[in-house]
file query23.txt (compact mmCIF, C-alpha atoms)
# COMPACT_ATOMS: atom_id res chain seq x y z
CA MET R 1 0.00 0.00 0.00
CA ALA R 2 1.37 3.43 -0.96
CA ALA R 3 2.30 5.80 1.83
CA THR R 4 0.88 9.26 2.39
CA CYS R 5 3.31 12.15 2.31
CA SER R 6 2.70 15.83 3.00
CA TRP R 7 4.73 18.93 3.57
CA GLU R 8 4.19 22.62 4.26
CA PRO R 9 6.14 25.14 2.14
CA CYS R 10 7.46 28.14 3.99
CA GLU R 11 5.56 30.98 2.39
CA GLY R 12 4.53 32.87 5.44
CA LYS R 13 1.10 32.99 6.97
CA GLY R 14 -1.83 31.61 5.09
CA GLN R 15 0.37 28.99 3.52
CA ASP R 16 -1.42 26.32 1.48
CA ALA R 17 -0.94 22.58 1.50
CA LEU R 18 -0.03 21.21 -1.90
CA ILE R 19 -1.42 17.94 -3.23
CA GLY R 20 -0.91 16.27 -6.59
CA SER R 21 -3.07 14.06 -8.79
CA HIS R 22 -3.10 10.26 -9.13
CA VAL R 23 -5.55 7.39 -8.98
CA ASP R 24 -4.70 6.42 -5.36
CA THR R 25 -6.65 8.88 -3.19
CA ARG R 26 -4.70 8.01 -0.02
CA HIS R 27 -1.77 10.12 -1.17
CA ALA R 28 -1.60 13.73 -0.15
CA LEU R 29 0.87 14.20 -2.96
CA LYS R 30 0.44 11.65 -5.76
CA PHE R 31 2.37 10.83 -8.92
CA SER R 32 1.53 9.57 -12.40
CA ASN R 33 3.21 6.47 -13.86
CA GLY R 34 4.19 5.14 -10.44
CA HIS R 35 3.45 4.78 -6.73
CA VAL R 36 5.43 6.22 -3.81
CA LYS R 37 6.55 3.43 -1.51
CA LYS R 38 9.12 5.30 0.60
CA ALA R 39 7.97 8.86 0.97
CA GLU R 40 10.79 9.73 3.37
CA GLU R 41 13.36 9.16 0.60
CA LEU R 42 11.82 11.79 -1.68
CA GLU R 43 13.26 15.29 -1.74
CA PHE R 44 10.68 17.99 -2.47
CA LYS R 45 11.35 21.51 -3.65
CA LEU R 46 8.90 24.33 -4.26
CA PHE R 47 9.64 27.17 -6.66
CA LYS R 48 7.60 30.32 -7.06
CA HIS R 49 7.73 33.00 -9.71
CA SER R 50 10.18 35.85 -9.07
CA ASP R 51 7.71 38.48 -10.28
CA ALA R 52 5.55 39.13 -7.21
CA VAL R 53 3.85 42.19 -8.76
CA ASN R 54 2.31 40.71 -11.91
CA PRO R 55 -1.10 39.31 -10.83
CA ARG R 56 -0.94 36.55 -13.45
CA LYS R 57 2.57 35.36 -12.59
CA LYS R 58 2.85 35.81 -8.83
CA THR R 59 0.71 32.72 -8.14
CA ARG R 60 2.72 30.40 -10.38
CA ARG R 61 4.35 27.49 -8.55
CA ILE R 62 6.52 24.53 -9.56
CA VAL R 63 6.95 21.45 -7.38
CA VAL R 64 9.90 19.09 -7.92
CA ALA R 65 10.14 15.65 -6.33
CA GLU R 66 13.49 13.90 -6.78
CA SER R 67 14.12 10.20 -6.19
CA ASP R 68 17.07 7.92 -6.86
CA ARG R 69 15.49 6.78 -10.15
CA LEU R 70 13.40 9.52 -11.74
CA PRO R 71 12.50 13.14 -10.96
CA TYR R 72 8.89 14.34 -11.10
CA VAL R 73 7.79 17.88 -11.85
CA GLY R 74 4.39 19.48 -11.41
CA SER R 75 3.13 23.01 -11.97
CA ASN R 76 -0.10 24.94 -11.59
CA PHE R 77 0.23 26.60 -15.00
CA GLY R 78 0.84 25.54 -18.58
CA SER R 79 -0.39 22.56 -20.59
CA GLY R 80 0.70 19.99 -18.01
CA SER R 81 -1.30 21.50 -15.14
CA LEU R 82 -4.68 20.28 -13.94
CA GLN R 83 -7.70 22.14 -15.24
CA CYS R 84 -9.10 23.27 -11.90
CA ASN R 85 -12.16 25.39 -11.44
CA ASN R 86 -11.06 28.92 -10.50
CA LEU R 87 -14.36 29.52 -8.72
CA CYS R 88 -13.74 26.64 -6.31
CA ARG R 89 -11.36 26.30 -3.38
CA TYR R 90 -9.65 23.06 -2.45
CA PHE R 91 -8.74 21.92 1.07
CA VAL R 92 -6.78 19.08 2.63
CA GLY R 93 -7.15 17.79 6.16
CA VAL R 94 -4.11 16.65 8.18
CA LEU R 95 -4.95 14.26 11.00
CA ASP R 96 -2.75 14.08 14.08
CA LYS R 97 -3.06 10.45 15.25
CA GLY R 98 -1.68 11.28 18.66
CA THR R 99 -4.27 13.94 19.45
CA MET R 100 -6.77 12.75 16.86
CA GLN R 101 -7.20 16.33 15.72
CA MET R 102 -7.25 17.44 12.11
CA LYS R 103 -6.00 20.70 10.70
CA VAL R 104 -7.53 21.95 7.43
CA HIS R 105 -5.32 23.78 4.96
CA ASN R 106 -5.96 25.47 1.64
CA ALA R 107 -4.77 23.18 -1.15
CA GLN R 108 -3.39 23.51 -4.66
CA LEU R 109 -3.57 20.60 -7.08
CA PHE R 110 -0.46 19.49 -8.95
CA ASN R 111 -0.10 16.80 -11.57
CA MET R 112 3.33 15.24 -11.03
CA LEU R 113 4.80 14.06 -14.34
CA PRO R 114 8.08 12.19 -14.82
CA VAL R 115 10.96 13.99 -16.50
CA ILE R 116 13.41 11.86 -18.47
CA PRO R 117 16.96 13.06 -17.81
CA GLY R 118 18.75 14.57 -20.79
CA GLU R 119 15.61 15.95 -22.44
CA SER R 120 14.87 19.63 -22.14
CA ALA R 121 11.42 21.20 -22.33
CA VAL R 122 12.23 22.75 -25.71
CA ASN R 123 13.15 19.42 -27.27
CA GLU R 124 10.01 17.86 -25.81
CA ASN R 125 7.77 20.48 -27.39
CA THR R 126 9.45 20.35 -30.77
CA LYS R 127 9.69 16.56 -30.99
CA GLN R 128 6.48 15.56 -29.21
CA ALA R 129 4.51 15.04 -32.40
CA GLU R 130 7.28 12.89 -33.93
CA THR R 131 8.34 10.72 -31.01
CA TYR R 132 5.22 10.58 -28.82
CA ARG R 133 4.54 6.91 -29.60
CA GLU R 134 8.15 5.95 -28.89
CA LYS R 135 8.08 7.79 -25.55
CA VAL R 136 4.87 6.05 -24.50
CA ASP R 137 6.30 2.68 -25.50
CA ALA R 138 9.46 3.37 -23.48
CA LEU R 139 7.40 4.28 -20.41
CA ILE R 140 5.30 1.14 -20.79
CA GLU R 141 8.43 -0.99 -21.01
CA ALA R 142 9.86 0.67 -17.89
CA PHE R 143 6.80 1.14 -15.66
CA GLY R 144 3.92 -0.62 -17.45
CA THR R 145 1.93 -3.52 -16.09
CA THR R 146 2.17 -7.03 -17.49
CA LYS R 147 -1.03 -6.49 -19.47
CA GLN R 148 0.29 -3.26 -21.01
CA LYS R 149 3.61 -4.88 -21.92
CA ARG R 150 1.78 -7.80 -23.53
CA ALA R 151 -0.36 -5.38 -25.56
CA LEU R 152 2.75 -3.47 -26.64
CA SER R 153 4.44 -6.66 -27.81
CA SER R 154 1.31 -7.71 -29.69
CA ARG R 155 1.07 -4.34 -31.42
CA LYS R 156 4.67 -4.51 -32.59
CA LEU R 157 4.06 -8.00 -33.97
CA ASN R 158 0.96 -6.73 -35.77
CA GLU R 159 3.00 -3.94 -37.33
CA VAL R 160 5.41 -6.49 -38.72
CA GLY R 161 2.45 -8.58 -39.92
CA ASN R 162 0.87 -5.55 -41.60
CA GLU R 163 4.08 -4.81 -43.48
CA THR R 164 4.21 -8.42 -44.67
CA LEU R 165 0.55 -8.28 -45.68
CA GLN R 166 1.06 -5.05 -47.61
CA GLN R 167 3.96 -6.57 -49.49
CA ALA R 168 1.87 -9.65 -50.32
CA VAL R 169 -1.07 -7.50 -51.50
CA ALA R 170 1.23 -5.37 -53.64
CA LEU R 171 2.73 -8.49 -55.21
CA ALA R 172 -0.73 -9.97 -55.90
CA ALA R 173 -1.96 -6.67 -57.39
CA THR R 174 1.09 -6.53 -59.66
CA ASN R 175 0.43 -10.09 -60.88
CA ILE R 176 -3.24 -9.29 -61.63
CA ILE R 177 -2.33 -6.09 -63.48
CA ASN R 178 0.26 -7.95 -65.55
CA ARG R 179 -2.23 -10.71 -66.36
CA LYS R 180 -5.38 -8.65 -67.15
CA GLY R 181 -3.97 -5.26 -68.02
CA VAL R 182 -4.74 -1.84 -66.64
CA GLU R 183 -7.51 -1.06 -69.12
CA ALA R 184 -9.46 -4.24 -68.40
CA LEU R 185 -9.27 -3.63 -64.65
CA HIS R 186 -10.35 -0.04 -65.16
CA ASN R 187 -13.38 -1.21 -67.15
CA GLU R 188 -14.32 -3.66 -64.39
CA VAL R 189 -14.13 -0.91 -61.77
CA VAL R 190 -16.28 1.41 -63.89
CA GLU R 191 -18.84 -1.33 -64.45
CA THR R 192 -19.00 -2.12 -60.75
CA GLU R 193 -19.44 1.55 -59.85
CA ALA R 194 -22.13 1.91 -62.53
CA GLN R 195 -24.03 -1.08 -61.13
CA THR R 196 -23.79 0.41 -57.65
CA ASP R 197 -25.05 3.77 -58.88
CA THR R 198 -27.97 2.29 -60.83
CA ALA R 199 -29.00 0.14 -57.86
CA LEU R 200 -29.80 3.35 -55.96
CA PHE R 201 -32.64 4.40 -58.28
CA LEU R 202 -33.84 1.14 -59.86
CA PRO R 203 -37.05 -0.41 -58.47
CA PRO R 204 -36.77 -3.63 -56.43
CA CYS R 205 -35.67 -6.43 -58.76
CA ASN R 206 -35.97 -10.20 -58.33
CA THR R 207 -33.34 -11.61 -60.68
CA GLU R 208 -34.26 -15.20 -59.76
CA ALA R 209 -37.92 -14.88 -60.79
CA ASP R 210 -39.39 -17.56 -63.07
CA LYS R 211 -41.98 -15.22 -64.62
CA ALA R 212 -41.36 -11.90 -66.33
CA GLU R 213 -44.05 -10.12 -64.27
CA ASP R 214 -42.27 -11.16 -61.06
CA VAL R 215 -38.91 -9.57 -61.95
CA TYR R 216 -40.13 -6.10 -60.96
CA PRO R 217 -43.04 -7.06 -58.67
CA PHE R 218 -46.16 -4.94 -59.01
CA ASP R 219 -46.74 -4.87 -55.25
CA GLN R 220 -43.31 -3.23 -54.84
CA LEU R 221 -44.41 -0.41 -57.14
CA LEU R 222 -47.90 -0.05 -55.66
CA SER R 223 -48.79 -1.69 -52.38
CA LEU R 224 -52.28 -3.08 -51.78
CA ASN R 225 -53.31 -0.08 -49.66
CA GLU R 226 -51.96 2.37 -52.24
CA PHE R 227 -53.74 0.52 -55.05
CA ASP R 228 -57.03 0.62 -53.11
CA ALA R 229 -56.60 4.37 -52.51
CA LEU R 230 -56.56 4.95 -56.29
CA LYS R 231 -60.09 3.60 -56.73
CA ASP R 232 -61.85 6.98 -57.05
CA VAL R 233 -59.29 8.69 -59.30
CA GLY R 234 -59.08 5.52 -61.40
CA ALA R 235 -62.84 5.52 -61.87
CA LYS R 236 -62.64 9.07 -63.22
CA MET R 237 -59.99 7.97 -65.69
CA ALA R 238 -62.13 5.04 -66.84
CA ALA R 239 -65.15 7.33 -67.37
CA LEU R 240 -63.38 9.78 -69.72
CA THR R 241 -65.12 10.37 -73.04
CA PRO R 242 -63.46 10.87 -76.44
CA GLU R 243 -64.13 14.58 -76.07
CA ASP R 244 -62.30 14.59 -72.74
CA LEU R 245 -59.35 12.80 -74.32
CA GLN R 246 -59.25 15.33 -77.14
CA LYS R 247 -59.24 18.15 -74.58
CA MET R 248 -56.40 16.49 -72.68
CA ARG R 249 -54.47 16.11 -75.92
CA ALA R 250 -54.88 19.83 -76.59
CA GLU R 251 -53.58 20.57 -73.06
CA ASN R 252 -50.35 18.65 -73.81
CA CYS R 253 -51.16 15.66 -71.64
CA PRO R 254 -48.31 13.10 -71.61
CA GLN R 255 -48.44 10.97 -74.76
CA THR R 256 -47.82 7.79 -72.79
CA VAL R 257 -50.90 8.45 -70.68
CA LEU R 258 -53.07 9.24 -73.71
CA ARG R 259 -51.89 6.10 -75.53
CA HIS R 260 -52.99 3.87 -72.64
CA LEU R 261 -56.28 5.76 -72.19
CA ASP R 262 -57.08 5.08 -75.84
CA LEU R 263 -56.42 1.38 -75.29
CA LEU R 264 -58.31 0.79 -72.01
CA PRO R 265 -59.74 -2.74 -71.84
CA LYS R 266 -63.50 -3.27 -72.06
CA GLU R 267 -63.65 -5.84 -69.28
CA ASP R 268 -64.52 -4.15 -65.96
CA ALA R 269 -61.78 -5.60 -63.70
CA ALA R 270 -59.00 -5.10 -66.24
CA ARG R 271 -60.27 -1.60 -67.09
CA ASP R 272 -60.36 -0.62 -63.42
CA ARG R 273 -56.80 -1.89 -62.81
CA GLN R 274 -55.45 -0.21 -65.93
CA SER R 275 -57.14 3.13 -65.20
CA ARG R 276 -55.65 3.23 -61.69
CA CYS R 277 -52.19 2.54 -63.09
CA VAL R 278 -52.68 5.23 -65.75
CA TRP R 279 -53.56 7.84 -63.14
CA TYR R 280 -50.55 6.89 -60.98
CA LEU R 281 -48.29 6.97 -64.06
CA SER R 282 -49.61 10.43 -64.95
CA PHE R 283 -48.90 11.68 -61.41
CA LEU R 284 -45.33 10.30 -61.47
CA ILE R 285 -44.64 12.00 -64.81
CA LYS R 286 -46.03 15.33 -63.55
CA SER R 287 -43.95 15.02 -60.38
CA SER R 288 -40.74 14.43 -62.36
CA LEU R 289 -41.30 17.69 -64.25
CA GLN R 290 -41.52 19.71 -61.03
CA LYS R 291 -38.58 21.23 -59.17
CA ARG R 292 -40.24 20.96 -55.76
CA LEU R 293 -43.17 19.05 -54.33
CA SER R 294 -45.29 19.64 -51.25
CA PHE R 295 -48.19 18.01 -49.44
CA LYS R 296 -50.53 20.19 -51.52
CA SER R 297 -49.27 18.69 -54.77
CA GLY R 298 -52.01 16.81 -56.61
CA THR R 299 -54.81 17.98 -54.32
CA GLU R 300 -56.62 19.60 -57.25
CA ASP R 301 -56.60 16.21 -59.02
CA GLY R 302 -57.86 14.37 -55.94
CA CYS R 303 -54.52 12.70 -55.15
CA PRO R 304 -54.88 10.39 -52.10
CA ARG R 305 -52.81 11.32 -49.07
CA ILE R 306 -51.04 7.95 -49.03
CA ILE R 307 -49.82 8.49 -52.61
CA ILE R 308 -48.40 11.98 -52.03
CA ASN R 309 -46.70 10.74 -48.85
CA LYS R 310 -45.13 7.88 -50.85
CA VAL R 311 -43.86 10.22 -53.57
CA LEU R 312 -42.46 12.75 -51.08
CA LYS R 313 -40.68 10.03 -49.12
CA ASN R 314 -39.24 8.00 -52.02
CA PHE R 315 -38.77 10.49 -54.86
CA THR R 316 -37.68 13.77 -53.27
CA VAL R 317 -34.69 15.08 -51.35
CA GLU R 318 -35.26 17.14 -48.21
CA SER R 319 -33.39 20.45 -48.01
CA PHE R 320 -33.60 23.60 -45.89
CA HIS R 321 -34.21 26.99 -47.48
CA GLN R 322 -34.64 30.16 -45.43
CA GLY R 323 -35.65 28.23 -42.33
CA SER R 324 -38.22 25.99 -44.05
CA LEU R 325 -38.05 22.38 -45.22
CA ARG R 326 -38.35 21.71 -48.93
CA ASN R 327 -38.86 18.51 -50.89
CA THR R 328 -36.75 18.90 -54.03
CA VAL R 329 -36.88 16.68 -57.10
CA SER R 330 -33.17 16.32 -57.89
CA SER R 331 -31.68 14.84 -61.05
CA SER R 332 -31.10 11.49 -59.35
CA MET R 333 -34.70 11.47 -58.10
CA ARG R 334 -35.90 12.19 -61.65
CA MET R 335 -33.97 9.15 -62.81
CA LYS R 336 -35.58 7.12 -60.04
CA LEU R 337 -39.04 8.34 -61.12
CA ALA R 338 -38.25 7.37 -64.71
CA ALA R 339 -37.22 3.86 -63.62
CA HIS R 340 -40.46 3.37 -61.69
CA CYS R 341 -42.50 4.72 -64.61
CA LEU R 342 -40.80 2.25 -66.93
CA ALA R 343 -41.39 -0.66 -64.54
CA LEU R 344 -45.06 0.35 -64.23
CA LEU R 345 -45.41 0.56 -68.03
CA LEU R 346 -44.11 -3.01 -68.31
CA HIS R 347 -47.01 -4.24 -66.17
CA MET R 348 -49.47 -2.08 -68.12
CA GLY R 349 -48.30 -3.19 -71.57
CA ASP R 350 -47.73 -6.95 -71.27
CA GLN R 351 -44.05 -6.45 -70.31
CA THR R 352 -43.42 -4.06 -73.21
CA ALA R 353 -42.97 -0.26 -73.00
CA ASN R 354 -42.51 2.56 -75.51
CA LEU R 355 -39.25 4.30 -74.60
CA THR R 356 -39.64 7.04 -77.21
CA LEU R 357 -42.93 8.36 -75.81
CA LEU R 358 -41.70 8.03 -72.24
CA HIS R 359 -38.48 9.99 -72.74
CA ARG R 360 -40.45 12.74 -74.48
CA ASP R 361 -42.92 12.98 -71.59
CA LEU R 362 -40.17 13.02 -68.96
CA GLY R 363 -37.95 15.47 -70.86
CA PHE R 364 -35.08 12.98 -70.95
CA SER R 365 -32.70 12.39 -73.82
CA ASP R 366 -33.13 9.15 -75.72
CA VAL R 367 -29.57 8.14 -74.77
CA LYS R 368 -30.33 8.43 -71.05
CA MET R 369 -33.56 6.47 -71.46
CA LEU R 370 -31.73 3.71 -73.32
CA GLU R 371 -29.12 3.55 -70.57
CA LEU R 372 -31.91 3.19 -68.01
CA ALA R 373 -33.52 0.36 -69.97
CA LYS R 374 -30.15 -1.39 -70.27
CA ALA R 375 -29.57 -1.02 -66.54
CA MET R 376 -32.92 -2.76 -65.96
CA GLY R 377 -31.87 -5.64 -68.22
CA LEU R 378 -34.57 -5.03 -70.85
CA THR R 379 -34.46 -6.17 -74.47
CA LEU R 380 -34.41 -3.27 -76.94
CA SER R 381 -36.12 -3.21 -80.32
CA ARG R 382 -37.59 -0.83 -82.91
CA GLN R 383 -41.18 -0.50 -84.02
CA SER R 384 -42.66 1.52 -86.87
CA ALA R 385 -46.11 3.09 -86.54
CA HIS R 386 -48.29 5.71 -88.25
CA SER R 387 -47.72 9.25 -87.02
CA ARG R 388 -50.71 11.02 -85.47
CA GLU R 389 -49.31 14.48 -86.15
CA GLN R 390 -48.48 13.97 -89.80
CA ALA R 391 -50.90 11.80 -91.78
CA GLY R 392 -49.42 9.34 -94.21
CA THR R 393 -46.04 9.18 -92.48
CA HIS R 394 -44.45 6.53 -90.31
CA GLU R 395 -42.65 7.09 -87.05
CA GLU R 396 -40.10 4.76 -85.52
CA TYR R 397 -40.30 4.00 -81.81
CA ARG R 398 -37.73 2.44 -79.50
CA MET R 399 -39.37 -0.35 -77.53
CA ALA R 400 -38.20 -2.15 -74.39
CA SER R 401 -39.39 -5.62 -73.41
CA LEU R 402 -38.72 -7.74 -70.36
CA VAL R 403 -37.60 -11.16 -71.52
CA LEU R 404 -36.08 -13.84 -69.30
CA PRO R 405 -33.21 -14.18 -68.75
CA LEU R 406 -32.40 -10.51 -68.36
CA VAL R 407 -29.92 -9.03 -70.79
CA HIS R 408 -26.52 -8.06 -69.42
CA TYR R 409 -25.04 -5.20 -71.42
CA ASP R 410 -21.29 -4.60 -71.51
CA ARG R 411 -20.44 -1.05 -70.58
CA ARG R 412 -17.78 0.18 -72.97
CA MET R 413 -15.56 3.00 -71.93
CA GLU R 414 -15.97 6.01 -74.16
CA ARG R 415 -12.89 8.14 -73.98
CA ARG R 416 -13.48 11.79 -74.58
CA LYS R 417 -10.97 13.41 -76.87
CA ARG R 418 -9.62 16.57 -75.39
CA LYS R 419 -9.09 19.46 -77.68
CA ARG R 420 -5.59 20.72 -77.76
CA MET R 421 -5.20 24.27 -76.60
CA ASN R 422 -3.23 26.46 -78.98

call {"tool": "encode", "arguments": {"input": "query23.txt", "output": "structure tokens"}}
result
Amino acid sequence: MAATCSWEPCEGKGQDALIGSHVDTRHALKFSNGHVKKAEELEFKLFKHSDAVNPRKKTRRIVVAESDRLPYVGSNFGSGSLQCNNLCRYFVGVLDKGTMQMKVHNAQLFNMLPVIPGESAVNENTKQAETYREKVDALIEAFGTTKQKRALSSRKLNEVGNETLQQAVALAATNIINRKGVEALHNEVVETEAQTDTALFLPPCNTEADKAEDVYPFDQLLSLNEFDALKDVGAKMAALTPEDLQKMRAENCPQTVLRHLDLLPKEDAARDRQSRCVWYLSFLIKSSLQKRLSFKSGTEDGCPRIIINKVLKNFTVESFHQGSLRNTVSSSMRMKLAAHCLALLLHMGDQTANLTLLHRDLGFSDVKMLELAKAMGLTLSRQSAHSREQAGTHEEYRMASLVLPLVHYDRRMERRKRKRMN
């Protein structure tokens, strides 16, 4: 058990008792990185600042404890001092066992740190960042416990193991580069990153499905509750007359929506299902053309609350603007909306969708729409049809079909040629 040591510096009346800091609370003066076993063999010295006029310097004190092995130094100022509360006062009680009376003294707290001989304070400050780990390791080897020494030895072995591992990884990477080539590896990395990026906005996909309609499940696009909520708005779509369709065509309604309204089934159940999907498709296309959405979006069209909540949660990005929260339709969210529209069109058109009409309605380029269809593993084809705008002419459409197994397209790297600056 460590002994308790105390002393009283000769500073006149009102002198304070000085105590240090360590884990063992039985010490009046305690040390870090060690325990005092023979307090009577320690030689203590107290130094005070020579400037007794300056109010910031006159209270500075340095305590030095010298032993036969290592000196300890503590101060009440600087980076090594304890962060004591200036609004509090500290006291220490000294018990006289003969009279069983205790005297209470004002106390100052000192953190006694070991000083390695031969190292000055200047060298310690300048080299602390470079040799801190080595100093800690040396202290652990000299004063550390068995557990700390074992951890130090294990860490050094791990460092050697890490160097060996790095050399082995570098050798393996060199062999792979020599075997495949830098360009092939670069293409693989780009393809992997592209698959990761597309997975963020593609609808849920079941690549192991046995049926084409199960690859992009309908219930993942519209849940049962969401589908039931579209009953009223779907009924309005099913009841549209040819005059209503002509009016919608004059108001620049999306061509994809008009095409499916013209081809609504006659059978009641199929017509009801198709009309609900058409309304939801129309709402997704309108949402993709907006910069921001709110809970009031679609209220004039009778949009169910569950649908607007779904769109705000899954197809917008929340951002703050002037203290208010906004739901913004970013470029990545527009791509996600396009992917869900395409998956919905596959269910509406017997696993076939018109990419040309869809990219026109969404304001996308045909190249971006083709890339989206390729990312979804769809089979691409061309189809010629009569043009509605110009009688007697044919128009060619790009079609996408879902055929099992899904098509895996190779992503070729297109290197952009940089123009030379004169």

call {"tool": "closest_residue", "arguments": {"input": "query23.txt", "among": "R:Ser401, R:Thr99, R:Val160, R:Leu202", "to": "Asp350 (chain R)", "atoms": "only C-alpha atoms"}}
result
R:Ser401

call {"tool": "atom_distance", "arguments": {"input": "query23.txt", "atom1": "CA of Leu357 (chain R)", "atom2": "CA of Tyr216 (chain R)"}}
result
20.9 Å

call {"tool": "atom_distance", "arguments": {"input": "query23.txt", "atom1": "CA of Thr316 (chain R)", "atom2": "CA of Leu221 (chain R)"}}
result
16.2 Å

call {"tool": "closest_atom_pairs", "arguments": {"input": "query23.txt", "of": "region 296-335 of chain R", "to": "region 364-367 of chain R", "cutoff": "12 Å", "atoms": "all atoms listed in the file", "output": "CSV"}}
result
residue,atom,partner,partner_atom,distance
R:Ser331,CA,R:Phe364,CA,10.6
R:Arg334,CA,R:Phe364,CA,9.4
R:Met335,CA,R:Phe364,CA,9.1

call {"tool": "residues_around", "arguments": {"input": "query23.txt", "residues": "Asn225 (chain R)", "least_positions_apart": "5", "cutoff": "12 Å", "atoms": "all atoms listed in the file", "output": "list in words"}}
result
Asp219, Gln220, Leu230, Lys231, Pro304, Arg305, Ile306, Ile307 and Lys310 of chain R

call {"tool": "closest_residue", "arguments": {"input": "query23.txt", "among": "R:Leu358, R:Leu200, R:Leu370, R:Leu337", "to": "Arg259 (chain R)", "atoms": "only C-alpha atoms"}}
result
R:Leu358

call {"tool": "closest_residue", "arguments": {"input": "query23.txt", "among": "R:Leu312, R:Met376, R:Leu293, R:Val104", "to": "Phe201 (chain R)", "atoms": "only C-alpha atoms"}}
result
R:Met376

call {"tool": "closest_residue", "arguments": {"input": "query23.txt", "among": "R:Glu243, R:Gly302, R:Ile140, R:Pro203", "to": "Phe315 (chain R)", "atoms": "only C-alpha atoms"}}
result
R:Pro203

call {"tool": "closest_residue", "arguments": {"input": "query23.txt", "among": "R:Phe218, R:Met100, R:Glu395, R:Asn314", "to": "Ala343 (chain R)", "atoms": "all atoms listed in the file"}}
result
R:Phe218

call {"tool": "atom_distance", "arguments": {"input": "query23.txt", "atom1": "CA of Leu355 (chain R)", "atom2": "CA of Ala373 (chain R)"}}
result
8.4 Å

call {"tool": "closest_residue", "arguments": {"input": "query23.txt", "among": "R:Gln167, R:Asp137, R:Phe283, R:His408", "to": "Ala151 (chain R)", "atoms": "all atoms listed in the file"}}
result
R:Asp137

call {"tool": "residues_around", "arguments": {"input": "query23.txt", "residues": "Thr352 (chain R)", "least_positions_apart": "3", "cutoff": "9 Å", "atoms": "only C-alpha atoms", "output": "list of chain:residue names"}}
result
R:Leu345, R:Leu346, R:His347, R:Met348, R:Gly349, R:Met399, R:Ala400, R:Ser401, R:Leu402

call {"tool": "residues_around", "arguments": {"input": "query23.txt", "residues": "Thr356 (chain R)", "least_positions_apart": "4", "cutoff": "9 Å", "atoms": "all atoms listed in the file", "output": "PDB file with C-alpha atoms, keeping the file's coordinate frame"}}
result
ATOM      1  CA  ARG R 360     -40.450  12.740 -74.480  1.00  0.00           C
ATOM      2  CA  ASP R 361     -42.920  12.980 -71.590  1.00  0.00           C
ATOM      3  CA  ASP R 366     -33.130   9.150 -75.720  1.00  0.00           C
ATOM      4  CA  MET R 369     -33.560   6.470 -71.460  1.00  0.00           C
ATOM      5  CA  GLU R 396     -40.100   4.760 -85.520  1.00  0.00           C
ATOM      6  CA  TYR R 397     -40.300   4.000 -81.810  1.00  0.00           C
ATOM      7  CA  ARG R 398     -37.730   2.440 -79.500  1.00  0.00           C
ATOM      8  CA  MET R 399     -39.370  -0.350 -77.530  1.00  0.00           C
TER       9      MET R 399
END

call {"tool": "axis_aligned_box", "arguments": {"input": "query23.txt", "around": "region 148-159 of chain R", "padding_each_side": "6 Å", "output": "AutoDock Vina command-line options"}}
result
--center_x 2.2 --center_y -5.6 --center_z -29.2 --size_x 17.0 --size_y 16.7 --size_z 28.3

call {"tool": "residues_around", "arguments": {"input": "query23.txt", "residues": "Thr328 (chain R)", "least_positions_apart": "3", "cutoff": "6 Å", "atoms": "all atoms listed in the file", "output": "CSV table (one decimal) with C-alpha atoms, keeping the file's coordinate frame"}}
result
chain,number,residue,atom,x,y,z
R,291,LYS,CA,-38.6,21.2,-59.2
R,292,ARG,CA,-40.2,21.0,-55.8
R,316,THR,CA,-37.7,13.8,-53.3
R,317,VAL,CA,-34.7,15.1,-51.4

call {"tool": "residues_around", "arguments": {"input": "query23.txt", "residues": "Asp214 (chain R)", "least_positions_apart": "6", "cutoff": "10 Å", "atoms": "all atoms listed in the file", "output": "list in words"}}
result
Cys205, Asn206, Thr207, Glu208 and His347 of chain R

call {"tool": "build_atoms", "arguments": {"input": "query23.txt", "residues": "region 98-105 of chain R", "atoms": "N, CA and C atoms", "output": "PDB file, in the coordinates of the input"}}
result
ATOM      1  N   GLY R  98      -1.892  11.244  17.216  1.00  0.00           N
ATOM      2  CA  GLY R  98      -1.680  11.280  18.660  1.00  0.00           C
ATOM      3  C   GLY R  98      -2.820  11.997  19.362  1.00  0.00           C
ATOM      4  N   THR R  99      -3.186  13.158  18.828  1.00  0.00           N
ATOM      5  CA  THR R  99      -4.270  13.940  19.450  1.00  0.00           C
ATOM      6  C   THR R  99      -5.601  13.719  18.762  1.00  0.00           C
ATOM      7  N   MET R 100      -5.564  12.997  17.658  1.00  0.00           N
ATOM      8  CA  MET R 100      -6.770  12.750  16.860  1.00  0.00           C
ATOM      9  C   MET R 100      -7.472  14.041  16.499  1.00  0.00           C
ATOM     10  N   GLN R 101      -6.662  15.050  16.191  1.00  0.00           N
ATOM     11  CA  GLN R 101      -7.200  16.330  15.720  1.00  0.00           C
ATOM     12  C   GLN R 101      -6.722  16.557  14.283  1.00  0.00           C
ATOM     13  N   MET R 102      -7.549  17.207  13.524  1.00  0.00           N
ATOM     14  CA  MET R 102      -7.250  17.440  12.110  1.00  0.00           C
ATOM     15  C   MET R 102      -7.179  18.938  11.856  1.00  0.00           C
ATOM     16  N   LYS R 103      -6.147  19.321  11.134  1.00  0.00           N
ATOM     17  CA  LYS R 103      -6.000  20.700  10.700  1.00  0.00           C
ATOM     18  C   LYS R 103      -6.324  20.779   9.211  1.00  0.00           C
ATOM     19  N   VAL R 104      -7.110  21.773   8.824  1.00  0.00           N
ATOM     20  CA  VAL R 104      -7.530  21.950   7.430  1.00  0.00           C
ATOM     21  C   VAL R 104      -6.734  23.078   6.810  1.00  0.00           C
ATOM     22  N   HIS R 105      -6.139  22.810   5.658  1.00  0.00           N
ATOM     23  CA  HIS R 105      -5.320  23.780   4.960  1.00  0.00           C
ATOM     24  C   HIS R 105      -5.900  24.014   3.560  1.00  0.00           C
TER      25      HIS R 105
END
